[in-house]
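Participant: Next comes the structure file entry-v7.tsv, holding TSV, C-alpha atoms.
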```
chain	number	residue	atom	x	y	z
A	1	MET	CA	-5.70	11.18	-21.97
A	2	PRO	CA	-6.89	11.40	-18.32
A	3	GLN	CA	-4.60	13.12	-15.86
A	4	PRO	CA	-2.79	10.58	-13.64
A	5	LEU	CA	-3.55	10.63	-9.94
A	6	LEU	CA	0.17	10.26	-9.13
A	7	GLU	CA	3.13	11.25	-11.27
A	8	LEU	CA	6.81	10.88	-10.39
A	9	THR	CA	9.47	12.54	-12.53
A	10	GLY	CA	13.18	11.85	-12.11
A	11	VAL	CA	12.85	10.77	-8.46
A	12	SER	CA	16.14	9.64	-6.90
A	13	LYS	CA	17.06	8.74	-3.33
A	14	THR	CA	20.57	8.40	-1.96
A	15	PHE	CA	21.77	7.34	1.48
A	16	GLY	CA	25.32	8.61	1.68
A	17	PRO	CA	27.22	6.93	-1.19
A	18	VAL	CA	24.40	4.42	-1.82
A	19	THR	CA	21.82	5.16	-4.54
A	20	ALA	CA	18.56	3.42	-3.63
A	21	LEU	CA	16.49	5.00	-6.43
A	22	ASP	CA	17.85	6.42	-9.67
A	23	ARG	CA	15.72	8.81	-11.76
A	24	VAL	CA	12.42	7.01	-11.43
A	25	ASP	CA	9.52	8.08	-13.65
A	26	MET	CA	6.17	6.51	-12.82
A	27	GLN	CA	2.45	7.21	-13.04
A	28	ILE	CA	-0.62	5.74	-11.35
A	29	GLY	CA	-4.06	6.50	-12.73
A	30	ALA	CA	-7.30	6.98	-10.85
A	31	ALA	CA	-8.88	3.68	-9.75
A	32	GLU	CA	-5.85	1.77	-11.05
A	33	ALA	CA	-4.10	-1.09	-9.28
A	34	VAL	CA	-0.36	-1.25	-9.96
A	35	GLY	CA	1.91	-4.06	-8.84
A	36	LEU	CA	5.49	-3.23	-7.86
A	37	ILE	CA	8.00	-6.08	-8.01
A	38	GLY	CA	11.75	-6.56	-7.84
A	39	ASP	CA	14.42	-8.46	-5.96
A	40	ASN	CA	15.33	-7.58	-2.38
A	41	GLY	CA	17.22	-4.28	-2.37
A	42	ALA	CA	15.83	-3.21	-5.75
A	43	GLY	CA	14.33	-0.02	-4.26
A	44	LYS	CA	10.64	-0.96	-3.90
A	45	SER	CA	10.30	-0.11	-0.23
A	46	THR	CA	12.28	3.11	-0.64
A	47	LEU	CA	9.88	4.19	-3.36
A	48	VAL	CA	6.73	3.62	-1.31
A	49	LYS	CA	8.32	5.28	1.72
A	50	ILE	CA	8.84	8.40	-0.41
A	51	LEU	CA	5.21	8.27	-1.53
A	52	SER	CA	4.03	7.87	2.06
A	53	GLY	CA	6.09	10.82	3.33
A	54	LEU	CA	8.52	8.78	5.40
A	55	TYR	CA	11.51	9.70	3.19
A	56	PRO	CA	12.02	12.88	1.20
A	57	PRO	CA	13.38	12.34	-2.32
A	58	THR	CA	16.95	13.51	-2.91
A	59	THR	CA	16.06	14.80	-6.38
A	60	GLY	CA	13.03	14.78	-8.66
A	61	SER	CA	9.43	15.89	-8.37
A	62	MET	CA	6.05	14.42	-7.50
A	63	ARG	CA	2.55	15.49	-8.46
A	64	PHE	CA	-0.60	14.20	-6.79
A	65	ASP	CA	-4.06	14.95	-8.12
A	66	GLY	CA	-2.61	17.53	-10.51
A	67	ARG	CA	-0.56	19.56	-8.04
A	68	ALA	CA	3.08	19.48	-7.03
A	69	VAL	CA	3.60	17.93	-3.60
A	70	HIS	CA	6.53	17.42	-1.27
A	71	PHE	CA	5.61	15.48	1.85
A	72	GLY	CA	7.57	16.24	5.00
A	73	SER	CA	5.91	13.47	7.02
A	74	PRO	CA	3.40	10.60	6.76
A	75	PHE	CA	0.80	12.96	8.25
A	76	GLU	CA	1.14	15.27	5.25
A	77	ALA	CA	0.82	12.34	2.83
A	78	ARG	CA	-2.25	11.08	4.70
A	79	ALA	CA	-3.83	14.54	4.60
A	80	ALA	CA	-3.34	14.54	0.81
A	81	GLY	CA	-5.07	11.17	0.50
A	82	ILE	CA	-2.22	8.63	0.55
A	83	GLU	CA	-2.32	5.83	3.12
A	84	MET	CA	0.40	3.24	3.71
A	85	ILE	CA	0.19	-0.24	5.23
A	86	TYR	CA	3.73	-1.22	6.17
A	87	GLN	CA	5.02	-4.77	6.15
A	88	ASP	CA	5.53	-4.62	9.93
A	89	LEU	CA	1.93	-3.26	10.19
A	90	ALA	CA	2.83	-0.61	12.86
A	91	LEU	CA	0.04	-1.69	15.21
A	92	CYS	CA	-0.10	-1.13	18.98
A	93	GLY	CA	0.04	-4.61	20.44
A	94	ASP	CA	-1.14	-3.57	23.91
A	95	LEU	CA	-4.37	-1.98	22.58
A	96	ASP	CA	-7.52	-3.76	21.45
A	97	VAL	CA	-8.70	-4.12	17.87
A	98	ALA	CA	-11.12	-1.17	18.04
A	99	ALA	CA	-8.47	1.20	19.41
A	100	ASN	CA	-6.09	0.19	16.60
A	101	VAL	CA	-8.72	0.53	13.86
A	102	PHE	CA	-9.49	4.10	14.94
A	103	LEU	CA	-5.98	5.10	16.00
A	104	GLY	CA	-5.62	8.74	14.96
A	105	ARG	CA	-9.36	9.07	14.30
A	106	GLU	CA	-10.76	8.18	17.71
A	107	ARG	CA	-14.50	8.52	18.30
A	108	LYS	CA	-15.26	10.84	21.20
A	109	LYS	CA	-18.27	11.92	23.23
A	110	SER	CA	-18.76	15.14	25.17
A	111	PHE	CA	-19.94	15.77	28.71
A	112	GLY	CA	-20.09	19.55	28.81
A	113	PRO	CA	-16.53	20.79	28.33
A	114	ILE	CA	-15.10	17.30	28.85
A	115	ARG	CA	-14.47	14.98	25.87
A	116	LEU	CA	-13.86	11.29	26.43
A	117	LEU	CA	-13.18	8.34	24.16
A	118	ASP	CA	-16.39	6.71	22.98
A	119	ARG	CA	-15.22	3.13	23.31
A	120	THR	CA	-18.69	1.67	22.77
A	121	THR	CA	-19.13	3.35	19.39
A	122	MET	CA	-15.59	2.48	18.32
A	123	ARG	CA	-16.13	-1.17	19.15
A	124	GLU	CA	-19.48	-1.28	17.34
A	125	ASP	CA	-17.97	0.38	14.26
A	126	ALA	CA	-14.87	-1.83	14.40
A	127	ARG	CA	-17.06	-4.95	14.52
A	128	ARG	CA	-18.92	-3.76	11.40
A	129	VAL	CA	-15.69	-2.93	9.56
A	130	MET	CA	-14.13	-6.29	10.37
A	131	ARG	CA	-17.24	-8.10	9.14
A	132	GLU	CA	-16.98	-6.17	5.88
A	133	LEU	CA	-13.46	-7.60	5.57
A	134	GLY	CA	-14.85	-11.11	5.99
A	135	THR	CA	-13.70	-11.75	9.55
A	136	ASP	CA	-15.37	-11.95	12.95
A	137	ILE	CA	-12.40	-10.77	15.03
A	138	ALA	CA	-13.86	-9.36	18.25
A	139	PRO	CA	-13.11	-5.62	18.66
A	140	GLU	CA	-12.29	-6.21	22.36
A	141	ARG	CA	-9.38	-8.56	21.59
A	142	ILE	CA	-5.88	-7.30	22.31
A	143	VAL	CA	-3.92	-7.04	19.05
A	144	GLY	CA	-0.78	-8.56	20.57
A	145	GLY	CA	-2.63	-11.87	20.93
A	146	LEU	CA	-3.77	-12.06	17.29
A	147	SER	CA	-2.25	-14.14	14.53
A	148	GLY	CA	-0.22	-12.49	11.77
A	149	GLY	CA	-3.11	-12.75	9.34
A	150	GLN	CA	-5.55	-11.23	11.80
A	151	ARG	CA	-3.20	-8.33	12.49
A	152	GLN	CA	-2.92	-7.73	8.72
A	153	LEU	CA	-6.70	-7.37	8.48
A	154	VAL	CA	-6.72	-4.92	11.40
A	155	ALA	CA	-4.08	-2.82	9.60
A	156	VAL	CA	-6.18	-2.80	6.42
A	157	ALA	CA	-9.28	-1.82	8.39
A	158	ARG	CA	-7.41	1.07	10.01
A	159	ALA	CA	-6.10	2.37	6.70
A	160	LEU	CA	-9.58	2.44	5.21
A	161	GLN	CA	-10.86	4.70	7.98
A	162	PHE	CA	-8.81	7.53	6.45
A	163	GLN	CA	-10.65	7.15	3.12
A	164	PRO	CA	-7.47	7.15	1.00
A	165	ARG	CA	-7.34	8.02	-2.68
A	166	LEU	CA	-4.13	6.01	-3.03
A	167	LEU	CA	-3.48	2.95	-0.85
A	168	LEU	CA	0.09	1.64	-0.61
A	169	LEU	CA	0.41	-2.03	0.36
A	170	ASP	CA	3.76	-3.60	1.30
A	171	GLU	CA	3.48	-7.41	1.09
A	172	PRO	CA	-0.18	-7.41	2.21
A	173	THR	CA	-0.73	-11.16	1.72
A	174	ALA	CA	2.48	-12.42	3.34
A	175	ALA	CA	0.80	-13.58	6.57
A	176	LEU	CA	-2.66	-14.43	5.20
A	177	SER	CA	-4.26	-17.80	4.55
A	178	SER	CA	-5.58	-18.60	1.07
A	179	GLU	CA	-9.11	-17.73	2.18
A	180	LYS	CA	-8.09	-14.35	3.60
A	181	ILE	CA	-6.05	-13.62	0.46
A	182	ARG	CA	-9.21	-14.08	-1.60
A	183	VAL	CA	-11.02	-11.68	0.74
A	184	LEU	CA	-8.25	-9.08	0.38
A	185	MET	CA	-8.17	-9.41	-3.42
A	186	GLY	CA	-11.93	-8.91	-3.49
A	187	LEU	CA	-11.54	-5.84	-1.28
A	188	ILE	CA	-8.98	-4.35	-3.68
A	189	GLU	CA	-11.45	-4.83	-6.53
A	190	GLN	CA	-14.12	-3.06	-4.46
A	191	LEU	CA	-11.77	-0.18	-3.70
A	192	LYS	CA	-10.95	0.22	-7.39
A	193	ALA	CA	-14.67	0.32	-8.15
A	194	ARG	CA	-14.99	3.16	-5.60
A	195	GLY	CA	-12.20	5.11	-7.33
A	196	VAL	CA	-9.31	4.24	-4.98
A	197	SER	CA	-5.91	3.60	-6.58
A	198	ILE	CA	-3.63	0.83	-5.30
A	199	LEU	CA	0.14	0.36	-5.36
A	200	MET	CA	1.03	-3.12	-4.12
A	201	ILE	CA	4.43	-4.66	-3.42
A	202	SER	CA	4.28	-8.44	-3.38
A	203	HIS	CA	6.50	-11.46	-3.93
A	204	ARG	CA	3.37	-13.48	-4.63
A	205	PHE	CA	3.19	-12.97	-8.37
A	206	THR	CA	-0.12	-14.80	-8.63
A	207	ASP	CA	-1.78	-12.13	-6.47
A	208	ILE	CA	-0.40	-9.34	-8.65
A	209	LEU	CA	-1.48	-11.08	-11.85
A	210	HIS	CA	-4.99	-11.50	-10.47
A	211	VAL	CA	-5.72	-7.96	-9.29
A	212	CYS	CA	-3.32	-5.47	-10.91
A	213	ASP	CA	-3.91	-3.53	-14.12
A	214	ARG	CA	-0.17	-2.92	-14.63
A	215	ILE	CA	3.03	-4.35	-13.22
A	216	VAL	CA	6.10	-2.14	-12.72
A	217	VAL	CA	9.44	-3.93	-12.37
A	218	VAL	CA	12.24	-2.29	-10.36
A	219	ARG	CA	15.85	-3.38	-10.79
A	220	GLN	CA	18.83	-1.82	-9.02
A	221	GLY	CA	16.92	1.36	-8.22
A	222	ARG	CA	15.57	1.91	-11.74
A	223	ILE	CA	12.37	1.06	-13.56
A	224	ALA	CA	13.29	-1.97	-15.66
A	225	GLY	CA	9.97	-2.09	-17.49
A	226	GLU	CA	6.19	-2.39	-17.28
A	227	LEU	CA	3.74	-5.15	-18.16
A	228	ALA	CA	0.00	-5.34	-18.76
A	229	PRO	CA	-0.81	-8.72	-17.16
A	230	HIS	CA	-4.17	-9.15	-18.88
A	231	ALA	CA	-2.76	-8.63	-22.39
A	232	GLN	CA	-1.12	-12.06	-22.64
A	233	PRO	CA	-1.24	-15.52	-21.01
A	234	PRO	CA	-0.11	-15.57	-17.34
A	235	GLU	CA	2.88	-17.82	-18.05
A	236	ARG	CA	4.27	-15.32	-20.57
A	237	THR	CA	3.78	-12.46	-18.11
A	238	MET	CA	5.58	-14.44	-15.40
A	239	ALA	CA	8.50	-15.14	-17.74
A	240	ALA	CA	8.71	-11.47	-18.72
A	241	MET	CA	8.68	-10.37	-15.07
A	242	HIS	CA	11.55	-12.70	-14.19
A	243	ALA	CA	13.52	-11.54	-17.24
A	244	MET	CA	13.16	-7.87	-16.27
A	245	MET	CA	14.08	-8.57	-12.64
A	246	THR	CA	17.27	-10.39	-13.60
A	247	GLY	CA	18.26	-8.06	-16.42
A	248	ASP	CA	17.78	-10.55	-19.25
A	249	ALA	CA	15.21	-8.28	-20.90
A	250	LEU	CA	17.80	-5.50	-20.93
A	251	GLY	CA	20.51	-7.58	-22.53
A	252	VAL	CA	22.69	-7.61	-19.43
A	253	SER	CA	23.66	-10.42	-17.08
A	254	ALA	CA	21.94	-10.82	-13.73
```
Using structure tokens, write down the structure that the file contains.

Facilitator:
Amino acid sequence: MPQPLLELTGVSKTFGPVTALDRVDMQIGAAEAVGLIGDNGAGKSTLVKILSGLYPPTTGSMRFDGRAVHFGSPFEARAAGIEMIYQDLALCGDLDVAANVFLGRERKKSFGPIRLLDRTTMREDARRVMRELGTDIAPERIVGGLSGGQRQLVAVARALQFQPRLLLLDEPTAALSSEKIRVLMGLIEQLKARGVSILMISHRFTDILHVCDRIVVVRQGRIAGELAPHAQPPERTMAAMHAMMTGDALGVSA
């Protein structure tokens, strides 16, 4: 059996007396798209924040690409090959599209000992990247003036500049039109074909059913179960997801 790209064993996270995650075991394979679902407060966001280096786990261990890892910051997770797109996008509204796309990886040019930002190259490259995402957003536009859907595409474009091996998406389609959702789903398929793994949180179950190889259900900080969405009709998968989220599949009341 191939070695998983990511493996969590007994990962828990507490905030004072509150247990947000309780002994989570989970794996993500290479070039695999996994959907992560659960009610509000189930622990989904806490889990991806641990993976992205924003939170340290209270207990448990994590292995990435076959080696034990413990991220002390998002920079360490990024250096390992994990990139996160947060629900609030974390963009700089007073900068233009190009500056946001290359934030942290700015293009520079040298004049002797002096190095300056190469804004022309960044804007040309940003225009190309945005076209690859199916949009013609001008790289000179200030991000603060963009729509929610446009800002989402800028965040995706920025994440891809770091060439991640695992891309974490927190509600990536929430602010997108139907057309842009189709573009994003196609992009996820392309990333999988290039060997990139995806972990996607979404309340839009139709998106998860369309693009994910597995669905992991979180309930009250624990893994309630997993589903293979392509192994049965969509309506049966939807019913099973709801049952796991409410506890019906576990024989307990919601």

Participant: So that I can see what lies close to segment 201-217 of chain A, please list as a list in words the residues with an atom at most 6 Å from it, counting all atoms listed in the file and leaving out residues fewer than 3 positions away in the same chain.

Facilitator: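 In the requested form, the answer reads Ala33, Val34, Gly35, Leu36, Ile37, Gly38, Asp170, Glu171, Ile223, Ala224, Gly225, Glu226, Leu227, Ala228 and Pro229 of chain A.
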
Participant: Can you write out the residues you just picked, keeping C-alpha atoms, as an mmCIF file, in the frame of the given file?

Facilitator:
```cif
data_model
loop_
_atom_site.group_PDB
_atom_site.id
_atom_site.type_symbol
_atom_site.label_atom_id
_atom_site.label_comp_id
_atom_site.auth_asym_id
_atom_site.auth_seq_id
_atom_site.Cartn_x
_atom_site.Cartn_y
_atom_site.Cartn_z
ATOM 1 C CA ALA A 33 -4.100 -1.090 -9.280
ATOM 2 C CA VAL A 34 -0.360 -1.250 -9.960
ATOM 3 C CA GLY A 35 1.910 -4.060 -8.840
ATOM 4 C CA LEU A 36 5.490 -3.230 -7.860
ATOM 5 C CA ILE A 37 8.000 -6.080 -8.010
ATOM 6 C CA GLY A 38 11.750 -6.560 -7.840
ATOM 7 C CA ASP A 170 3.760 -3.600 1.300
ATOM 8 C CA GLU A 171 3.480 -7.410 1.090
ATOM 9 C CA ILE A 223 12.370 1.060 -13.560
ATOM 10 C CA ALA A 224 13.290 -1.970 -15.660
ATOM 11 C CA GLY A 225 9.970 -2.090 -17.490
ATOM 12 C CA GLU A 226 6.190 -2.390 -17.280
ATOM 13 C CA LEU A 227 3.740 -5.150 -18.160
ATOM 14 C CA ALA A 228 0.000 -5.340 -18.760
ATOM 15 C CA PRO A 229 -0.810 -8.720 -17.160
#
```

Participant: Would you compute the distance between atom CA of Phe71 of chain A and atom CA of Ile50 of chain A? Give it in Å to one decimal.

Facilitator: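 So the answer is 8.1 Å.
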
Participant: What residues have an atom no more than 12 Å from (-17.8, 3.3, 9.8) in the file's own frame, counting only C-alpha atoms, and can you write them as a list in words?

Facilitator: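 Protein and nucleic acid residues near the point are Ala98, Val101, Phe102, Arg105, Glu106, Arg107, Thr121, Met122, Arg123, Glu124, Asp125, Ala126, Arg127, Arg128, Val129, Met130, Arg131, Glu132, Ala157, Arg158, Leu160, Gln161, Phe162 and Gln163 of chain A.
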
Participant: Between atom CA of Asp136 of chain A and atom CA of Leu191 of chain A, what is the distance in Å, rounded to a tenth?

Facilitator: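 Going from atom CA of Asp136 of chain A over to atom CA of Leu191 of chain A covers 20.7 Å.
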
Participant: Would you give the centre and edge lengths, in Å to one decimal, of a box along x, y and z around the listed atoms of segment 226-240 of chain A, with 8 Å added to each side, as AutoDock Vina command-line options?

Facilitator:
```
--center_x 2.3 --center_y -10.1 --center_z -19.0 --size_x 28.9 --size_y 31.4 --size_z 23.2
```

Participant: What is the atom CA of Leu51 of chain A to atom CA of Ala80 of chain A distance in Å?

Facilitator: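 Straight-line distance from atom CA of Leu51 of chain A to atom CA of Ala80 of chain A works out to 10.9 Å.
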
Participant: Between A:Thr19, A:Thr14, A:Ser178, A:Gln27, which residue has the minimum interatomic distance to Pro2 of chain A, considering only C-alpha atoms?

Facilitator: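 With only C-alpha atoms as the atom set, the closest residue is A:Gln27.
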
Participant: Find the residue from A:Gly72, A:Pro234, A:Gly221, A:Gly195 that sits nearest to Thr46 of chain A; use only C-alpha atoms when measuring.

Facilitator: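 For Thr46 of chain A, the nearest of the candidates is A:Gly221.
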
Participant: For a quick check of understanding, using all atoms listed in the file, which of A:Glu7, A:Asp22, A:Glu32, A:Asp65 has the smallest distance to Gln220 of chain A?

Facilitator: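 Closest residue, counting all atoms listed in the file: A:Asp22.
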
Participant: In terms of the shortest atom-to-atom distance over all atoms listed in the file, which of A:Val218, A:Asp94, A:Tyr86, A:Arg119 is closest to Ala174 of chain A?

Facilitator: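 Among the listed residues, A:Tyr86 lies closest to Ala174 of chain A.
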
Participant: What lies within 9 Å of Leu166 of chain A using all atoms listed in the file, ignoring chain neighbours under 6 positions off, as a PDB file with C-alpha atoms, keeping the file's coordinate frame?

Facilitator:
```pdb
ATOM      1  CA  LEU A   5      -3.550  10.630  -9.940  1.00  0.00           C
ATOM      2  CA  LEU A   6       0.170  10.260  -9.130  1.00  0.00           C
ATOM      3  CA  ALA A  30      -7.300   6.980 -10.850  1.00  0.00           C
ATOM      4  CA  ALA A  31      -8.880   3.680  -9.750  1.00  0.00           C
ATOM      5  CA  GLY A  81      -5.070  11.170   0.500  1.00  0.00           C
ATOM      6  CA  ILE A  82      -2.220   8.630   0.550  1.00  0.00           C
ATOM      7  CA  GLU A  83      -2.320   5.830   3.120  1.00  0.00           C
ATOM      8  CA  MET A  84       0.400   3.240   3.710  1.00  0.00           C
ATOM      9  CA  VAL A 196      -9.310   4.240  -4.980  1.00  0.00           C
ATOM     10  CA  SER A 197      -5.910   3.600  -6.580  1.00  0.00           C
ATOM     11  CA  ILE A 198      -3.630   0.830  -5.300  1.00  0.00           C
ATOM     12  CA  LEU A 199       0.140   0.360  -5.360  1.00  0.00           C
TER      13      LEU A 199
END
```

Participant: List the neighbours of Val143 of chain A out to 8 Å using only C-alpha atoms; skip same-chain residues closer than 5 positions along the sequence, and give me the result as number ranges by chain.

Facilitator: A: 91-97, 100, 151

Participant: I need segment 203-231 of chain A from the structure I supplied, saved as an mmCIF file, in the first residue's frame with N, CA and C atoms retained.

Facilitator:
```
data_model
loop_
_atom_site.group_PDB
_atom_site.id
_atom_site.type_symbol
_atom_site.label_atom_id
_atom_site.label_comp_id
_atom_site.auth_asym_id
_atom_site.auth_seq_id
_atom_site.Cartn_x
_atom_site.Cartn_y
_atom_site.Cartn_z
ATOM 1 N N HIS A 203 -19.454 23.567 2.968
ATOM 2 C CA HIS A 203 -20.839 23.265 3.288
ATOM 3 C C HIS A 203 -21.639 22.965 2.031
ATOM 4 N N ARG A 204 -21.006 23.148 0.874
ATOM 5 C CA ARG A 204 -21.661 22.837 -0.393
ATOM 6 C C ARG A 204 -21.354 21.372 -0.732
ATOM 7 N N PHE A 205 -22.227 20.498 -0.300
ATOM 8 C CA PHE A 205 -21.979 19.071 -0.463
ATOM 9 C C PHE A 205 -21.856 18.656 -1.925
ATOM 10 N N THR A 206 -22.544 19.375 -2.812
ATOM 11 C CA THR A 206 -22.455 19.020 -4.231
ATOM 12 C C THR A 206 -21.036 19.207 -4.762
ATOM 13 N N ASP A 207 -20.330 20.223 -4.280
ATOM 14 C CA ASP A 207 -18.945 20.440 -4.704
ATOM 15 C C ASP A 207 -18.056 19.289 -4.244
ATOM 16 N N ILE A 208 -18.234 18.868 -2.996
ATOM 17 C CA ILE A 208 -17.432 17.789 -2.437
ATOM 18 C C ILE A 208 -17.708 16.478 -3.178
ATOM 19 N N LEU A 209 -18.978 16.213 -3.454
ATOM 20 C CA LEU A 209 -19.324 14.989 -4.173
ATOM 21 C C LEU A 209 -18.697 14.969 -5.558
ATOM 22 N N HIS A 210 -18.588 16.140 -6.171
ATOM 23 C CA HIS A 210 -18.083 16.213 -7.544
ATOM 24 C C HIS A 210 -16.586 15.966 -7.622
ATOM 25 N N VAL A 211 -15.811 16.498 -6.668
ATOM 26 C CA VAL A 211 -14.364 16.544 -6.864
ATOM 27 C C VAL A 211 -13.562 15.688 -5.892
ATOM 28 N N CYS A 212 -14.159 15.247 -4.785
ATOM 29 C CA CYS A 212 -13.382 14.561 -3.749
ATOM 30 C C CYS A 212 -13.399 13.042 -3.918
ATOM 31 N N ASP A 213 -12.261 12.427 -3.610
ATOM 32 C CA ASP A 213 -12.134 10.971 -3.650
ATOM 33 C C ASP A 213 -12.684 10.336 -2.381
ATOM 34 N N ARG A 214 -12.559 11.035 -1.258
ATOM 35 C CA ARG A 214 -13.086 10.574 0.025
ATOM 36 C C ARG A 214 -13.700 11.749 0.761
ATOM 37 N N ILE A 215 -14.639 11.443 1.636
ATOM 38 C CA ILE A 215 -15.251 12.451 2.493
ATOM 39 C C ILE A 215 -15.078 12.017 3.937
ATOM 40 N N VAL A 216 -14.482 12.901 4.751
ATOM 41 C CA VAL A 216 -14.289 12.635 6.179
ATOM 42 C C VAL A 216 -15.280 13.500 6.954
ATOM 43 N N VAL A 217 -16.045 12.877 7.832
ATOM 44 C CA VAL A 217 -17.066 13.578 8.609
ATOM 45 C C VAL A 217 -16.566 13.767 10.037
ATOM 46 N N VAL A 218 -16.597 15.009 10.511
ATOM 47 C CA VAL A 218 -16.170 15.337 11.878
ATOM 48 C C VAL A 218 -17.408 15.678 12.699
ATOM 49 N N ARG A 219 -17.478 15.104 13.893
ATOM 50 C CA ARG A 219 -18.592 15.380 14.799
ATOM 51 C C ARG A 219 -18.068 15.509 16.214
ATOM 52 N N GLN A 220 -18.295 16.683 16.811
ATOM 53 C CA GLN A 220 -17.895 16.946 18.194
ATOM 54 C C GLN A 220 -16.415 16.621 18.415
ATOM 55 N N GLY A 221 -15.581 17.039 17.483
ATOM 56 C CA GLY A 221 -14.142 16.905 17.634
ATOM 57 C C GLY A 221 -13.571 15.554 17.278
ATOM 58 N N ARG A 222 -14.420 14.616 16.854
ATOM 59 C CA ARG A 222 -13.944 13.282 16.503
ATOM 60 C C ARG A 222 -14.305 12.938 15.060
ATOM 61 N N ILE A 223 -13.582 11.991 14.484
ATOM 62 C CA ILE A 223 -13.927 11.496 13.162
ATOM 63 C C ILE A 223 -15.126 10.562 13.298
ATOM 64 N N ALA A 224 -16.254 10.973 12.723
ATOM 65 C CA ALA A 224 -17.474 10.176 12.819
ATOM 66 C C ALA A 224 -17.517 9.079 11.767
ATOM 67 N N GLY A 225 -16.776 9.235 10.697
ATOM 68 C CA GLY A 225 -16.758 8.221 9.650
ATOM 69 C C GLY A 225 -16.209 8.772 8.351
ATOM 70 N N GLU A 226 -16.062 7.899 7.370
ATOM 71 C CA GLU A 226 -15.575 8.259 6.043
ATOM 72 C C GLU A 226 -16.492 7.662 4.988
ATOM 73 N N LEU A 227 -16.530 8.327 3.827
ATOM 74 C CA LEU A 227 -17.348 7.861 2.721
ATOM 75 C C LEU A 227 -16.555 7.951 1.424
ATOM 76 N N ALA A 228 -16.819 7.031 0.525
ATOM 77 C CA ALA A 228 -16.269 7.089 -0.834
ATOM 78 C C ALA A 228 -17.414 7.536 -1.737
ATOM 79 N N PRO A 229 -17.463 8.807 -2.131
ATOM 80 C CA PRO A 229 -18.646 9.343 -2.812
ATOM 81 C C PRO A 229 -18.954 8.706 -4.162
ATOM 82 N N HIS A 230 -17.944 8.121 -4.809
ATOM 83 C CA HIS A 230 -18.174 7.557 -6.134
ATOM 84 C C HIS A 230 -18.558 6.072 -6.076
ATOM 85 N N ALA A 231 -18.714 5.537 -4.867
ATOM 86 C CA ALA A 231 -19.024 4.113 -4.726
ATOM 87 C C ALA A 231 -20.522 3.838 -4.657
#
```
